[in-house]
Amino acid sequence: MKKSACHSMLLFLSALASVMLSACAGNMTRKDSAMREVDYGDVQVTEHRGHDDLLSAGLGLAGLAGLPSPFANPLDPGAQELRRRAIQTSWKGIADLGPLGGYGTVYGGVPDVPGREYQAFARIPGARSPHRVLLQLPDNFDRQKRCLVVTASSGSRGIYGAISLAGAWGLPHGCAVAYTDKGTGAGYFDYADDSGVALDGRRAKRGEAELEFQPSPAPPTGGLAIKHLHSGDNPEADWGQHVIQAAQFGLAMLDRAFPAEAPFTPQNTKIIAVGISNGGGAVLQAAGRDQEHFFAGVVALEPNVHVQDRGRALYDYATEAAIWLPCALSADYFAAAPLARGPRGVPLPTWPIRCASLRAQGKLGGNTTAAQAEQARQYLHARGWTDEAMSTAASTTAFDLWRVIAAGYASAYLRRGATDMPCGFHYAAIGVGGLPGLADPVTRATWWADGSGIPPGNGIGLFGGVNVSSDPTLIGSECLRALWTGDDHESQALHASVAATAARLPRRDLPLWVLHGAGDGLLPTAFSSEPYVAWLRDEGRRPIYWKVPHAQHFDAFLALPGFGEHHVPLLPYGYAALDRLWAYLYEGAAWPLDAPVPAAQPRGAGPLQRAALGL
C-alpha cells in the first residue's frame, strides 16, 4: 500500500484484541484471540443521497423490480451505474418482487435511506486473494442505540448479495450495515484481455489498478477465472473470519465517521450477524469463533452449514443429486412438482434418458421409465432425501445447478486454477454456435453488476465434462462424484477442505436463531440445519429453530408461473426474527426461547396475504 494512504488512515482501539489497528498494516498480527485485527487497503468513500440512496440506489421498489437499470455508455459504464445495477440484481436474485409476492405491502419495504458507503479490499492471513468489505452508514444512524448489522453474501454473489435481508432490515432501524463477499463475487478475470475488476466495479487490466481477483498469469486462451473457485484459498473455510473482519471494518469506519464518539467496540455497539444460504452458513461459522461476546445475536436463514460427522456436506449430496435426481423426478409422484414437467405434462426430455443410463450401468432395474424412476426415488429416500425436498429440487435440477455447483466447488476445494479444473471442466465466454469464444465487450463490462458469482450466465458457459452420447453430462457428474466417494490423494484433499468448513460450537449465552424452509430442495434441512441445531442442543445450547412450512430455498423463484402458489417466502420470517432480537437487545423483551413455529400456508393463486405467513 502506498505511504500516502497510510497518512489518511485512522487508528481505532480493538477492545477484544487490546491493540491499535492501523489501516496501513501490511499483515495482520497473529494472536490467540479469535477476534483478530482486520487488514485492509485504501478505502473508497462515496455519498448516496437524492436519487442514489443506500438501499435501492434511487430505484425504489418499482425500479428494483423493473427492467435492468441502463448504462449511458454500455461499453464503459460508470461506477455509480454499476453500483445501481449490482444492487438491483442482488435484490432480484433473493427477494420475490413479483406482483403477487407481497413485498412492500404484506412485509418488507424499500424506503429511501440516504447515507455514505465505505468500501475496501480486506485480507485473511495467508490468503492469496482479498475479500470485498463494505459499510453502509445511514444518515439516520442511531448514536443512542449503537447498532452494527454484519452480513455475508448469499450463494457466491458479490458485495450487495444480502442487501434485501440485512440492508432492508438494518438501515431503516438506524443501524450501520457491514457486508462481506466472503471471498466470492463476480470479479471475473478474463485471460483474453488480461482484465479483472477494480474496487469501483469497473474493468481494469492487470497492473492498472488493484483488482478484486488477479489470478496467476495464463495464456489468452485460458478462459475465465472465478474468485470463489480459482483463488486457491478455499474461502469457505474462512467465511466466519470474513464476517468478523467485515464487522471490525465496520467499527473502524464508524470511528472514522464519528471521531468524537470513538471508539466503537462490541461493548458499546451491538453487533448483529445475519445471513441467508451461504451467508447463513458464514454467520454460523462466525458464531463458532466468538467466545468473547463479539456478537450480540445471530440470525441464520436456510444456512449452508456443515457439522462434522453429522448431516451431509453440500458437495456430497449435490454430486449425488446431479446423477440421481433427473431420473427420480421422472416418477409419477412428482407430476405436479413445479418445473418437473414439460409443457405436455411429461418429464423433461433428458430425465428418462438418465434412468436408462443408470439401468445400463446395473444401478437400476425395471423395463419402464416409471419403474426405474421409482427405484431412484427410493434410493434417494434411503440417503435421507424427503419427497418434499426432491419436489422443490426439480427447479435446481431443471436448471442444471447441481452439476454447476459441484464443478465449481470441486475446483475451490482442490484449490485448482481456471486452466486446471477437475474432471475437464472450464469456463469461457460463449461464442458462435455455443462454443468457447471471446466475450462481448458490452457483456464483459456488466459482469460485476450482473454476475451471480458462479457461471454459467451473462455470456459465460461451463464447458467440458461431457462426451458424445445420449446422456452427455453424466460422465462429468460421475467424475465429480468419484472425488467424494474415492480414496485417492485427490479425494482425501477434497475431504480435508470440506472438513475445514465445519462449524464450531458457539458460546452458551449467544442468542441464536436458525430459520429454514421445510421444502428447501437446494439445502435440505435434513442435511444442514437439523443436524446443526441437534448438535447445539446436545451440547447444552438453546437455539431457536423455525422449520417454516411451505417455504423453500429461492424466494425469487416464487415469481415464476406455477411455483409461487405452492409456497410462502422465507424473508418475512427472517425480518420477524430480527425484530424479536431487536426487542430483546434494546427494549427489554424476553428472549423467546419457546417461540412456536409459524403455521404458514401456501400463498395460493392470488396475491400473498398476511394470514398465509402465520406470523
# chains A, B, ... in the order shown; residues from 1 in each chain; ligands from 1
$ residues_around --residues "A:Val133" --least-positions-apart "4" --cutoff "7 Å" --atoms "only C-alpha atoms" --output "JSON, numbers by chain"
{"A": [119, 120, 121, 122, 179, 180, 181, 246]}
$ write_last_selection --atoms "N, CA and C atoms" --output "compact mmCIF listing (two decimals), in the first residue's frame"
# COMPACT_ATOMS: atom_id res chain seq x y z
N GLN A 119 -15.82 1.37 1.37
CA GLN A 119 -15.54 0.08 0.74
C GLN A 119 -14.04 -0.13 0.59
N ALA A 120 -13.60 -1.37 0.78
CA ALA A 120 -12.17 -1.68 0.68
C ALA A 120 -12.01 -3.17 0.38
N PHE A 121 -10.78 -3.55 0.06
CA PHE A 121 -10.39 -4.95 -0.04
C PHE A 121 -9.70 -5.34 1.27
N ALA A 122 -10.19 -6.39 1.91
CA ALA A 122 -9.59 -6.88 3.16
C ALA A 122 -8.99 -8.25 2.92
N TYR A 179 -20.95 -5.41 5.14
CA TYR A 179 -21.09 -6.53 4.22
C TYR A 179 -19.71 -7.12 3.89
N THR A 180 -19.69 -8.42 3.62
CA THR A 180 -18.51 -9.04 3.02
C THR A 180 -18.97 -9.96 1.89
N ASP A 181 -18.18 -10.02 0.82
CA ASP A 181 -18.49 -11.00 -0.22
C ASP A 181 -17.90 -12.37 0.12
N ALA A 246 -15.40 -8.14 8.46
CA ALA A 246 -16.34 -7.13 7.99
C ALA A 246 -16.88 -6.31 9.15
$ residues_around --residues "A:Gly185" --least-positions-apart "2" --cutoff "10 Å" --atoms "only C-alpha atoms" --output "ChimeraX atom specification"
/A:131-132,153-161,180-183,187-188,212-213,226-228,447-449,451-454
$ residues_around --residues "A:Ala398" --least-positions-apart "6" --cutoff "9 Å" --atoms "only C-alpha atoms" --output "MDAnalysis selection string"
chainID A and resid 326 339:340 348
$ select_by_dssp --residues "stretch 174-246 of chain A" --states "strand (DSSP E or B)" --output "PDB file with C-alpha atoms, in the first residue's frame"
ATOM      1  CA  ALA A 176     -24.959   0.669  10.076  1.00  0.00           C
ATOM      2  CA  VAL A 177     -24.656  -2.426   7.877  1.00  0.00           C
ATOM      3  CA  ALA A 178     -21.321  -4.130   7.147  1.00  0.00           C
ATOM      4  CA  TYR A 179     -21.094  -6.530   4.219  1.00  0.00           C
ATOM      5  CA  THR A 180     -18.513  -9.044   3.018  1.00  0.00           C
ATOM      6  CA  PHE A 189     -10.898 -12.288 -14.603  1.00  0.00           C
ATOM      7  CA  ASP A 190     -10.780 -12.652 -18.385  1.00  0.00           C
ATOM      8  CA  SER A 195      -8.628  -7.812 -17.194  1.00  0.00           C
ATOM      9  CA  GLY A 196     -10.425  -8.001 -13.887  1.00  0.00           C
ATOM     10  CA  VAL A 197     -12.488  -5.720 -11.651  1.00  0.00           C
ATOM     11  CA  ALA A 198     -11.257  -2.737  -9.651  1.00  0.00           C
ATOM     12  CA  ARG A 203     -12.963  -3.338 -15.581  1.00  0.00           C
ATOM     13  CA  ALA A 204      -9.202  -2.805 -15.411  1.00  0.00           C
ATOM     14  CA  LYS A 205      -6.246  -4.676 -16.823  1.00  0.00           C
ATOM     15  CA  ARG A 206      -3.617  -6.405 -14.749  1.00  0.00           C
ATOM     16  CA  ALA A 209      -5.273  -0.992 -10.571  1.00  0.00           C
ATOM     17  CA  LEU A 211      -8.114  -5.909  -8.640  1.00  0.00           C
ATOM     18  CA  LEU A 224     -12.224 -17.100 -17.316  1.00  0.00           C
ATOM     19  CA  ALA A 225     -11.145 -17.302 -13.691  1.00  0.00           C
TER      20      ALA A 225
END
$ residues_around --residues "A:Ala257" --least-positions-apart "2" --cutoff "12 Å" --atoms "only C-alpha atoms" --output "PyMOL selection string"
chain A and resi 10+12+45+115-118+135-139+141+143+176+250-255+259-264
$ closest_atom_pairs --of "stretch 495-580 of chain A" --to "stretch 86-95 of chain A" --cutoff "7 Å" --atoms "only C-alpha atoms" --output "tab-separated table"
residue	atom	partner	partner_atom	distance
A:Phe554	CA	A:Ile94	CA	6.8
A:Asp555	CA	A:Ala95	CA	5.4
A:Ala556	CA	A:Ala95	CA	5.0
$ decode --residues "stretch 59-81 of chain A" --atoms "N, CA and C atoms" --output "PDB file, in the first residue's frame"
ATOM      1  N   LEU A  59     -33.694   3.558  -7.086  1.00  0.00           N
ATOM      2  CA  LEU A  59     -34.659   2.888  -7.943  1.00  0.00           C
ATOM      3  C   LEU A  59     -36.023   2.718  -7.275  1.00  0.00           C
ATOM      4  N   GLY A  60     -36.052   2.611  -5.944  1.00  0.00           N
ATOM      5  CA  GLY A  60     -37.301   2.305  -5.267  1.00  0.00           C
ATOM      6  C   GLY A  60     -37.749   0.895  -5.579  1.00  0.00           C
ATOM      7  N   LEU A  61     -38.833   0.468  -4.964  1.00  0.00           N
ATOM      8  CA  LEU A  61     -39.300  -0.900  -5.157  1.00  0.00           C
ATOM      9  C   LEU A  61     -39.679  -1.178  -6.604  1.00  0.00           C
ATOM     10  N   ALA A  62     -40.395  -0.249  -7.228  1.00  0.00           N
ATOM     11  CA  ALA A  62     -40.809  -0.457  -8.620  1.00  0.00           C
ATOM     12  C   ALA A  62     -39.601  -0.553  -9.544  1.00  0.00           C
ATOM     13  N   GLY A  63     -38.612   0.291  -9.317  1.00  0.00           N
ATOM     14  CA  GLY A  63     -37.415   0.243 -10.152  1.00  0.00           C
ATOM     15  C   GLY A  63     -36.611  -1.022  -9.949  1.00  0.00           C
ATOM     16  N   LEU A  64     -36.508  -1.485  -8.708  1.00  0.00           N
ATOM     17  CA  LEU A  64     -35.803  -2.738  -8.443  1.00  0.00           C
ATOM     18  C   LEU A  64     -36.445  -3.903  -9.183  1.00  0.00           C
ATOM     19  N   ALA A  65     -37.771  -3.901  -9.237  1.00  0.00           N
ATOM     20  CA  ALA A  65     -38.490  -4.993  -9.887  1.00  0.00           C
ATOM     21  C   ALA A  65     -38.556  -4.834 -11.402  1.00  0.00           C
ATOM     22  N   GLY A  66     -38.152  -3.691 -11.917  1.00  0.00           N
ATOM     23  CA  GLY A  66     -38.311  -3.402 -13.335  1.00  0.00           C
ATOM     24  C   GLY A  66     -37.179  -3.921 -14.202  1.00  0.00           C
ATOM     25  N   LEU A  67     -37.090  -3.356 -15.395  1.00  0.00           N
ATOM     26  CA  LEU A  67     -36.053  -3.745 -16.347  1.00  0.00           C
ATOM     27  C   LEU A  67     -34.675  -3.380 -15.810  1.00  0.00           C
ATOM     28  N   PRO A  68     -33.616  -4.054 -16.296  1.00  0.00           N
ATOM     29  CA  PRO A  68     -32.262  -3.743 -15.815  1.00  0.00           C
ATOM     30  C   PRO A  68     -31.939  -2.268 -15.958  1.00  0.00           C
ATOM     31  N   SER A  69     -31.382  -1.697 -14.921  1.00  0.00           N
ATOM     32  CA  SER A  69     -31.007  -0.292 -14.928  1.00  0.00           C
ATOM     33  C   SER A  69     -30.027  -0.036 -16.074  1.00  0.00           C
ATOM     34  N   PRO A  70     -30.262   0.956 -16.916  1.00  0.00           N
ATOM     35  CA  PRO A  70     -29.450   1.139 -18.127  1.00  0.00           C
ATOM     36  C   PRO A  70     -28.116   1.816 -17.838  1.00  0.00           C
ATOM     37  N   PHE A  71     -27.220   1.722 -18.830  1.00  0.00           N
ATOM     38  CA  PHE A  71     -25.925   2.393 -18.803  1.00  0.00           C
ATOM     39  C   PHE A  71     -25.896   3.444 -19.911  1.00  0.00           C
ATOM     40  N   ALA A  72     -25.366   4.608 -19.593  1.00  0.00           N
ATOM     41  CA  ALA A  72     -25.251   5.654 -20.612  1.00  0.00           C
ATOM     42  C   ALA A  72     -24.321   5.213 -21.730  1.00  0.00           C
ATOM     43  N   ASN A  73     -23.207   4.571 -21.366  1.00  0.00           N
ATOM     44  CA  ASN A  73     -22.269   4.033 -22.339  1.00  0.00           C
ATOM     45  C   ASN A  73     -22.051   2.562 -22.002  1.00  0.00           C
ATOM     46  N   PRO A  74     -22.747   1.644 -22.664  1.00  0.00           N
ATOM     47  CA  PRO A  74     -22.651   0.229 -22.313  1.00  0.00           C
ATOM     48  C   PRO A  74     -21.243  -0.341 -22.412  1.00  0.00           C
ATOM     49  N   LEU A  75     -20.389   0.267 -23.225  1.00  0.00           N
ATOM     50  CA  LEU A  75     -19.022  -0.222 -23.330  1.00  0.00           C
ATOM     51  C   LEU A  75     -18.162   0.204 -22.142  1.00  0.00           C
ATOM     52  N   ASP A  76     -18.582   1.247 -21.459  1.00  0.00           N
ATOM     53  CA  ASP A  76     -17.794   1.763 -20.341  1.00  0.00           C
ATOM     54  C   ASP A  76     -18.719   2.360 -19.279  1.00  0.00           C
ATOM     55  N   PRO A  77     -19.503   1.518 -18.615  1.00  0.00           N
ATOM     56  CA  PRO A  77     -20.428   2.054 -17.619  1.00  0.00           C
ATOM     57  C   PRO A  77     -19.679   2.677 -16.448  1.00  0.00           C
ATOM     58  N   GLY A  78     -20.279   3.697 -15.864  1.00  0.00           N
ATOM     59  CA  GLY A  78     -19.667   4.376 -14.737  1.00  0.00           C
ATOM     60  C   GLY A  78     -19.844   3.607 -13.446  1.00  0.00           C
ATOM     61  N   ALA A  79     -19.056   3.969 -12.444  1.00  0.00           N
ATOM     62  CA  ALA A  79     -19.093   3.279 -11.162  1.00  0.00           C
ATOM     63  C   ALA A  79     -20.470   3.388 -10.516  1.00  0.00           C
ATOM     64  N   GLN A  80     -21.088   4.554 -10.584  1.00  0.00           N
ATOM     65  CA  GLN A  80     -22.408   4.735  -9.979  1.00  0.00           C
ATOM     66  C   GLN A  80     -23.451   3.891 -10.699  1.00  0.00           C
ATOM     67  N   GLU A  81     -23.351   3.795 -12.021  1.00  0.00           N
ATOM     68  CA  GLU A  81     -24.285   2.973 -12.790  1.00  0.00           C
ATOM     69  C   GLU A  81     -24.111   1.490 -12.451  1.00  0.00           C
TER      70      GLU A  81
END
